[in-house]
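Participant: Here it is: the structure, laid out below.
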There are 2 protein chains.
Amino acid sequence: MLAKSSTELVRQQNSALVLSALRRHGRLAHTEISDATGLASATISSITADLERARIIEKSEQQATVGRGRPRVLFSQRRNCGYLITVIISSDLIQYSLVDYAGTLLDRFSEPRGEGGTAAFLATISAGLERAVERSRIDRGSVLLVSVSSKGIAHPSEPVLVWSPVFGSQPVDFAAALKDGWHAKVILNNETLLVAGALLEREVKTQGGGEPVLAALSLGHSIGLGIARRVAGGVPEISAPNFGHMLHMPSGGLCRCGARGCVEAYAGFYAILRAAFEVPVDTIPAKFVPVAEIDKIAARARQGNRMAQLAFRNAGAALGYGLSRLLSLHGHMPVFITGPGTRYQDLLQAGIEEGLAQTHVVRLGGMPGLTVVPDEPSLVFEGHLNLAFSIVDQDIIGSRQSMQAAGE
Amino acid sequence: MLAKSSTELVRQQNSALVLSALRRHGRLAHTEISDATGLASATISSITADLERARIIEKSEQQATVGRGRPRVLFSQRRNCGYLITVIISSDLIQYSLVDYAGTLLDRFSEPRGEGGTAAFLATISAGLERAVERSRIDRGSVLLVSVSSKGIAHPSEPVLVWSPVFGSQPVDFAAALKDGWHAKVILNNETLLVAGALLEREVKTQGGGEPVLAALSLGHSIGLGIARRVAGGVPEISAPNFGHMLHMPSGGLCRCGARGCVEAYAGFYAILRAAFEVPVDTIPAKFVPVAEIDKIAARARQGNRMAQLAFRNAGAALGYGLSRLLSLHGHMPVFITGPGTRYQDLLQAGIEEGLAQTHVVRLGGMPGLTVVPDEPSLVFEGHLNLAFSIVDQDIIGSRQSMQAAGE
DNA sequence: AGCTTTTTTCTCGACAGTCGAGAAATTAGA
DNA sequence: TCTAATTTCTCGACTGTCGAGAAAAAAGCT
C-alpha cells in the first residue's frame, strides 16, 4: 500500500534535504545549499528561515568575506540544539562518545565492560551514560539519541540485542539503560552494519559514480558482515545478515553459538586456534583468545608450518564459500575486509579466493573486489554518526509543532 | 543523496494512489476511493477529473443504484487506454497473453519455443508478439508494455537474460524482439520473483497484518527462488536471488551451469534422477527429464526403495541447508513451495527440515513456515499483472504532458 | 404529487508550498 | 563616488490539498 502525500510532506522532505546537505558539507551559504539540493533560491530562503526560527540552524557570524559582491551568510547547525551519545561495545571495553548537534566530538572515555549477567551489564551502561552527561555538564533531556553498537544480532526495530556472543539468546534491551530524566531515543545496530554504512558514505563522497552497493566483512574472534546499498533518491539501505553463523559445513565444527558448522566455527579466531592445534572440532570453543596467540600461529605459518598454514587456509575457504553464498543471494558486490583479522590477510587470501572461484556467481560475474580496510574503529564511529544524525534530523523535522511553537 | 520534492510530485504520488486503489478493487465510487486512499473528497474530485480528461479512467454508466441518496458514479480504467502482453517462457513452450488496461484477459495462446540459438529464439518471440496483436486487431503502438518471464537470471535494469538454463551465459536481449511500429517498454523478470510478488499481494489482500516478507521456492528441473518484502508505505520490493546455483557442497556434483556443487545439482529433477540411479555425480546432467520419469522414482521411494528414498531425502537436505543460508542472509521469513516438484513434497519434507533444523537461525527463530502452493502458472500470471500494471500506471502518470495535452 | 431524508458528488475559499524574476544589499575595484 | 559583481531577500504566479457546505438525485413518507 502506498502512502499518501501532501504539501507538508514536501516541506519535510526538502527540509531534510537542506539539513543533510549541511551534514555532508558543513557550513554552507544560501547559494551553495541551493546548488547542493537543486531547490530554488526562494525555497532555500523559506526553509532556512523556518529552521532558524525553530533554533535548529544558525547563521555563523564569522564569514571569510572573500571576493566582491554581497557577502555570503553561512548556515550551520546550532551546536547546542541537542546531543548524541555513541556507545561502542567490544569484547572487553565500552567506549562512550559525546557529540554535539554539529557533529563535533566533545568527550570520549572507555570503561571495562565488567562481568555478570544482562542486568549488571545494563547497569554498567546506565552508569556510563550518566557519567557522560555529568562530565560535560549537559542536561539529560537535551540528549536526543543514544546510538549503541555491538556484535551480534539486533532486533530489526527495537533497541534489543537478540543474540550476542556473550549473552547468547538472552535478550538485552538497551532502552532499559535510560533512567528518569532522559528523553533520548535509543538505537542499536550491529557493528559491521555501521562499518558498511560508513564505507558506502565514503564511496559516495570520493567518487559519486561508484557501485551503489558493498559488503563489509569484519574478521576477529567473531565474524561480522554488513551490507549497504544506495537506492535511487532515498536513504541508503543497510543491513547486517547473520553471516558468521550461516551454515558453512553440515554437522561441522562446534560453534560458540551452540550450533554446528557455522562460518565462525571455521574462520573465527578461536577456530583458527583449534585447527592449528588439531583439537577435535567438537570441543567447546575458547571464550576469548588473545590476539598474541593468533599472532604466534601466524608467525609459524609464515615460517612454513603446514598445520598453521592449513588453519588459515581453511578459515579463508570458509569465508570464501560464505562470500560466494552471499553473492548468490544478494547479488554481486565488492567486499571490504576489516577488523583485527586483516593482519592475517596474506594467510587467508588464497583460501578466500579458492572458496569463491569455483562457484557459479563468480564464474559469471568475476571475482568480486576484495579490499582491506584496516582502521575498523574509526569506521564504526563514522557509521554511528551517519546513521544517528540522519535519524535525529528526521525526528527534529518530523516534530513540526516544535518548529511552529519555537517560532513564537 | 535524497531526491527533492515538489507539489507536482505530490500530485503524481496521489494519482498513483488512486489508480492503484482502482487496480486493487476495480470500479470504485468517489467516496470509496477517498476511503481507500485516505485523501480528501475534494482531492479525489480533482484527480479523477484530471485522469478522466487524460482518457485514463472513465465513468462506467451502469450503476447498481441500490439504496437511497444520490447515486454513486463508478470509475474504472478505460479498457482501450492501452494493452499489455505477457510472455511466459518455459522449457518447452512460450505462452502469450494479451490483457487490456482494465486487467481483463483478451487472448491467450502458446507456441513451442523451438530449437536454435538466441537469434532464432528472439525471432520466435518477435513473431509471437506480432501474432498476438494481429489476432485481436490491435495497433502495435497501443501496446504499452511487454512483460517477459523466464527461468534464469535477469539483468537488474535491462530486459536482458544474463544467464539461463538453455542459453547459459549467452545474453538474450528481449528489447530486440520488438520491431518497428512498437513503442512498448519491455521488462524481464525471473519467474519465481513474480510468484513471490503474487503471493505477497495475496497475503496483503487476505489479511493485511501478515508478515511483510516471504520467499517463494519453485521446484522443478531447475530451482528458483524469489523474495518479496513489503516496505512501509512504498512499492513492494521483490528480488530473485540466484538460489539454485548457490553453492551447496564444495567440489560437489556437476551442475548444468558448469559449476560444481550447486543446490540445483542436488535438488533439481536431473539431480534426483542421477542420485536414484547412482550415476556418478560428475556425469553431465540430462538436458531434460520428463516428469513421468521422476514420478516413477517417487513411486519406488514410496514403496520403500532405499536408493530412491535417499535421492529425495538428499535433495530435500540440499534445499534445507540452502534455505537456512537464505534465512541467515535475508532474515527469518516464511517459505512457500511451488512448482512441479511439490508433488514429491512427502518425500522431500524430512530432508528439508533436517537441513534447516541444525542451524543457528532456526534454533534462534524457530522453523520457518513451509507452505505448499501447487498452482504455479496462475501465480506467475498474477505476478506479471501486478508488476506490469504498477509500472504502466507509473509511466502513464509520469508523462504529465500527455495529461495536459489530452485536456485540450 | 409534493415534501423530507439520505447519500453522494461537486465547488469554493483558505492555506501551504515551490518557483522564477527581479529588487535590495553589500563589497571590490575603477 | 560610482559601477560591476555577487549574494540574499521578496513578490506574485502557480500547483496542490483540505474542510465545509452547496448541489444533485434517489427513496421514503404523508
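How things are named: the first chain in the C-alpha cells is A, the next is B, and so on; residues count from 1 in each chain; ligands count from 1 in the order shown.
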Show me, as a list in words, the residues of chain D whose atoms get within 12 Å of chain A, using only C-alpha atoms (C1' of nucleotides) for the distance check.
Facilitator: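 Putting it all together, I get DA4, DA5, DT6, DT7, DT8, DC9, DT10, DC11, DT15, DG16, DT17 and DC18 of chain D.
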Participant: Please identify every residue of chain C that has at least one atom no farther than 7 Å from an atom of chain B, counting only C-alpha atoms (C1' of nucleotides), and for each give the shortest atom pair and the distance in Å to one decimal, arranged by chain then increasing number, as a Markdown table.
Facilitator:
```
| residue | atom | partner | partner_atom | distance |
| --- | --- | --- | --- | --- |
| C:DT6 | C1' | B:Gly69 | CA | 5.1 |
| C:DT7 | C1' | B:Gly69 | CA | 3.8 |
| C:DT8 | C1' | B:Arg70 | CA | 5.0 |
| C:DT18 | C1' | B:Ser6 | CA | 6.5 |
```
Participant: Which residues of chain A come within 8 Å of chain B, and for each one, what is the closest pair of atoms and their distance in Å to one decimal, counting only C-alpha atoms, sorted by chain and residue number, as a Markdown table?
Facilitator:
```
| residue | atom | partner | partner_atom | distance |
| --- | --- | --- | --- | --- |
| A:Met1 | CA | B:Gly233 | CA | 5.9 |
| A:Leu2 | CA | B:Gly233 | CA | 4.7 |
| A:Ala3 | CA | B:Gly233 | CA | 4.6 |
| A:Lys4 | CA | B:Asn14 | CA | 6.0 |
| A:Ser5 | CA | B:Val10 | CA | 5.5 |
| A:Ser6 | CA | B:Val10 | CA | 5.9 |
| A:Thr7 | CA | B:Thr7 | CA | 6.2 |
| A:Val10 | CA | B:Ser5 | CA | 5.5 |
| A:Arg11 | CA | B:Ser5 | CA | 7.9 |
| A:Gln13 | CA | B:Ser5 | CA | 6.5 |
| A:Asn14 | CA | B:Lys4 | CA | 6.0 |
| A:Leu17 | CA | B:Leu2 | CA | 6.4 |
| A:Thr37 | CA | B:Lys4 | CA | 7.0 |
| A:Gly38 | CA | B:Lys4 | CA | 7.1 |
| A:Leu39 | CA | B:Lys4 | CA | 7.1 |
| A:Ser169 | CA | B:Leu364 | CA | 7.2 |
| A:Ala232 | CA | B:Met1 | CA | 8.0 |
| A:Gly233 | CA | B:Ala3 | CA | 4.6 |
| A:Gly234 | CA | B:Leu2 | CA | 4.9 |
| A:Val235 | CA | B:Leu2 | CA | 6.4 |
| A:Pro241 | CA | B:Leu329 | CA | 4.6 |
| A:Asn242 | CA | B:Ser328 | CA | 5.0 |
| A:Phe243 | CA | B:Leu329 | CA | 6.3 |
| A:His245 | CA | B:His360 | CA | 6.1 |
| A:Met246 | CA | B:Ser328 | CA | 5.4 |
| A:Leu247 | CA | B:Arg325 | CA | 6.3 |
| A:Pro250 | CA | B:Tyr321 | CA | 7.9 |
| A:Ser251 | CA | B:Gln358 | CA | 7.9 |
| A:Cys257 | CA | B:His360 | CA | 7.1 |
| A:Gly258 | CA | B:His360 | CA | 7.8 |
| A:Ala259 | CA | B:His360 | CA | 5.6 |
| A:Arg260 | CA | B:Thr359 | CA | 7.0 |
| A:Cys262 | CA | B:Thr359 | CA | 7.8 |
| A:Tyr321 | CA | B:Leu247 | CA | 7.4 |
| A:Ser324 | CA | B:Leu247 | CA | 7.3 |
| A:Arg325 | CA | B:Met246 | CA | 5.7 |
| A:Leu326 | CA | B:Leu329 | CA | 7.1 |
| A:Ser328 | CA | B:Asn242 | CA | 5.0 |
| A:Leu329 | CA | B:Pro241 | CA | 4.6 |
| A:His330 | CA | B:Pro241 | CA | 6.3 |
| A:Gly331 | CA | B:Pro241 | CA | 6.9 |
| A:Gln358 | CA | B:Ala259 | CA | 6.5 |
| A:Thr359 | CA | B:Ala259 | CA | 5.9 |
| A:His360 | CA | B:Ala259 | CA | 5.6 |
| A:Val361 | CA | B:His245 | CA | 7.7 |
| A:Leu364 | CA | B:Ser169 | CA | 7.2 |
```
Participant: Enter the distance from atom CA of A:Ala119 to atom CA of A:Gln95, in Å, rounded to one decimal.
Facilitator: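 Going from atom CA of A:Ala119 over to atom CA of A:Gln95, I get 18.6 Å.
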Participant: So the first atom is atom CA of B:Val146 and the second is atom CA of B:Val195; what is the distance between them in Å, to one decimal place?
Facilitator: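 Computing the Euclidean distance for atom CA of B:Val146 and atom CA of B:Val195 yields 17.7 Å.
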